[in-house]
Amino acid sequence: MGRVIVITGTPGVGKTVVSKALAKKLGALYVSLTDVVKKENLVLRVDEKRNTLIVDMRQLSKKVCEIIGNSTAETVVEGHYATDVVPSSLVSYVFVLRRDLDDLKTTLKDRGYEEKKVLENLAAEALDVCLFSAVQRYGDLKVDEIDVTHLDVVEVVEEIYQVLTGQKTVKVGKIDWLGKLEREGRLEEFLQQFTFL
């Protein structure tokens with residue numbers, strides 16, 4: 001079994017395209033949690049209220065561990081709930097992709113997300129939900145966060161590659177979207193969007 005690299009982050013940050021490009025560069029196996037859920041039919045039910053699928057995380061974790069265990073190559077696992085699925089003992093590095101809230105909002109709206117779903121994901125990004133989950137599960141020595149806002153896919157993959165090859169070290173706590181909004185005088189306006197959630 002080769003190294004296991006997890007790519008996570010809020011929906012809309014670019015996990016899929018970055019993960020596929022990274023796997024290609026490394027000659028690694030690419031594992032999309034969404035694809036595994038669909039292929040293995042691991043949906044317990046649909047949450048109609050939130051317009052989302054409830055996934056059987058235990059079975060998904062079991063299947064992903066099986067896929068990783070059967071691979072001799074490095075594995076890139078991608079998904080916003082990867083921290084709930086991939087055991088710490090298997091993971092070498094976790095990269096949490098982050099995106100500026102204005103850019104993320106545009107991306108999610110362009111994808112056709114409903115307003116409530118957009119706001120839910122913006123709140124998750126603003127409150128560092130994916131980063132917190134990653135650090136809690138894997139520790140800050142395995143986790144690196146990357147602001148992808150003004151980077152293209154090649155640049156993001158290069159940043160990850162530099163960590164993987166020891167040219168850079170992992171670092172968390174680099175990004176503070178709420179602080180940015182406060183400095184811009186937009187924090188109160190931003191927070192008011194969430195009064196009806």
# chains A, B, ... in the order shown; residues from 1 in each chain; ligands from 1
>>> residues_around(residues="segment 132-134 of chain A", least_positions_apart="2", cutoff="12 Å", atoms="only C-alpha atoms", output="MDAnalysis selection string")
chainID A and resid 6:10 79:88 91 93:97 124:130 136:145 172:173
>>> atom_distance(atom1="atom CA of Asn41 of chain A", atom2="atom CA of Val77 of chain A")
18.2 Å
>>> select_by_dssp(residues="segment 85-187 of chain A", states="strand (DSSP E)", output="MDAnalysis selection string")
chainID A and resid 93:98 143:147
>>> residues_around(residues="Trp177 of chain A", least_positions_apart="3", cutoff="10 Å", atoms="only C-alpha atoms", output="list of chain:residue names")
A:Arg98, A:Arg99, A:Asp100, A:Leu101, A:Glu125, A:Ala126, A:Leu127, A:Asp128, A:Lys174, A:Lys180, A:Leu181, A:Glu182, A:Arg183, A:Leu187
>>> residues_around(residues="segment 18-33 of chain A", least_positions_apart="6", cutoff="6 Å", atoms="only C-alpha atoms", output="tab-separated table (two decimals) with N, CA, C and O atoms, in the first residue's frame")
chain	number	residue	atom	x	y	z
A	73	ALA	N	-0.33	1.25	-5.28
A	73	ALA	CA	0.05	2.62	-5.62
A	73	ALA	C	-0.38	3.58	-4.51
A	73	ALA	O	-1.09	3.19	-3.58
A	74	GLU	N	0.05	4.82	-4.64
A	74	GLU	CA	-0.48	5.86	-3.77
A	74	GLU	C	-1.96	6.03	-4.10
A	74	GLU	O	-2.39	5.72	-5.21
A	75	THR	N	-2.72	6.52	-3.13
A	75	THR	CA	-4.16	6.71	-3.33
A	75	THR	C	-4.54	8.13	-2.96
A	75	THR	O	-4.14	8.63	-1.91
A	76	VAL	N	-5.30	8.78	-3.84
A	76	VAL	CA	-5.85	10.10	-3.57
A	76	VAL	C	-7.34	9.92	-3.33
A	76	VAL	O	-8.07	9.49	-4.22
A	77	VAL	N	-7.79	10.20	-2.11
A	77	VAL	CA	-9.20	10.07	-1.74
A	77	VAL	C	-9.80	11.46	-1.66
A	77	VAL	O	-9.28	12.33	-0.95
A	78	GLU	N	-10.91	11.66	-2.37
A	78	GLU	CA	-11.51	12.98	-2.45
A	78	GLU	C	-12.96	12.97	-1.99
A	78	GLU	O	-13.74	12.09	-2.36
A	79	GLY	N	-13.30	13.95	-1.14
A	79	GLY	CA	-14.68	14.11	-0.71
A	79	GLY	C	-14.78	15.04	0.49
A	79	GLY	O	-13.87	15.08	1.31
A	153	VAL	N	-5.68	24.96	-11.43
A	153	VAL	CA	-5.50	23.58	-10.99
A	153	VAL	C	-4.02	23.20	-10.92
A	153	VAL	O	-3.57	22.58	-9.95
A	157	VAL	N	-2.07	21.85	-7.55
A	157	VAL	CA	-1.38	20.55	-7.56
A	157	VAL	C	0.10	20.74	-7.22
A	157	VAL	O	0.67	19.96	-6.47
>>> atom_distance(atom1="atom CA of Leu42 of chain A", atom2="atom CA of Ser61 of chain A")
10.5 Å
>>> atom_distance(atom1="atom CA of Gln192 of chain A", atom2="atom CA of Glu115 of chain A")
14.0 Å
>>> select_by_dssp(residues="segment 104-195 of chain A", states="alpha helix (DSSP H)", output="PyMOL selection string")
chain A and resi 104-110+115-126+129-138+153-164+177-183+187-192
>>> closest_residue(among="A:Val170, A:Pro11, A:Leu191, A:Leu44", to="Ser92 of chain A", atoms="only C-alpha atoms")
A:Val170
>>> closest_residue(among="A:Asp56, A:Asp103, A:Glu66, A:Glu40", to="Gly12 of chain A", atoms="only C-alpha atoms")
A:Asp103
>>> residues_around(residues="Leu90 of chain A", least_positions_apart="5", cutoff="9 Å", atoms="only C-alpha atoms", output="PyMOL selection string")
chain A and resi 3-4+65+68
>>> closest_residue(among="A:Asp47, A:Met57, A:Thr52, A:Gly14", to="Asp152 of chain A", atoms="only C-alpha atoms")
A:Gly14
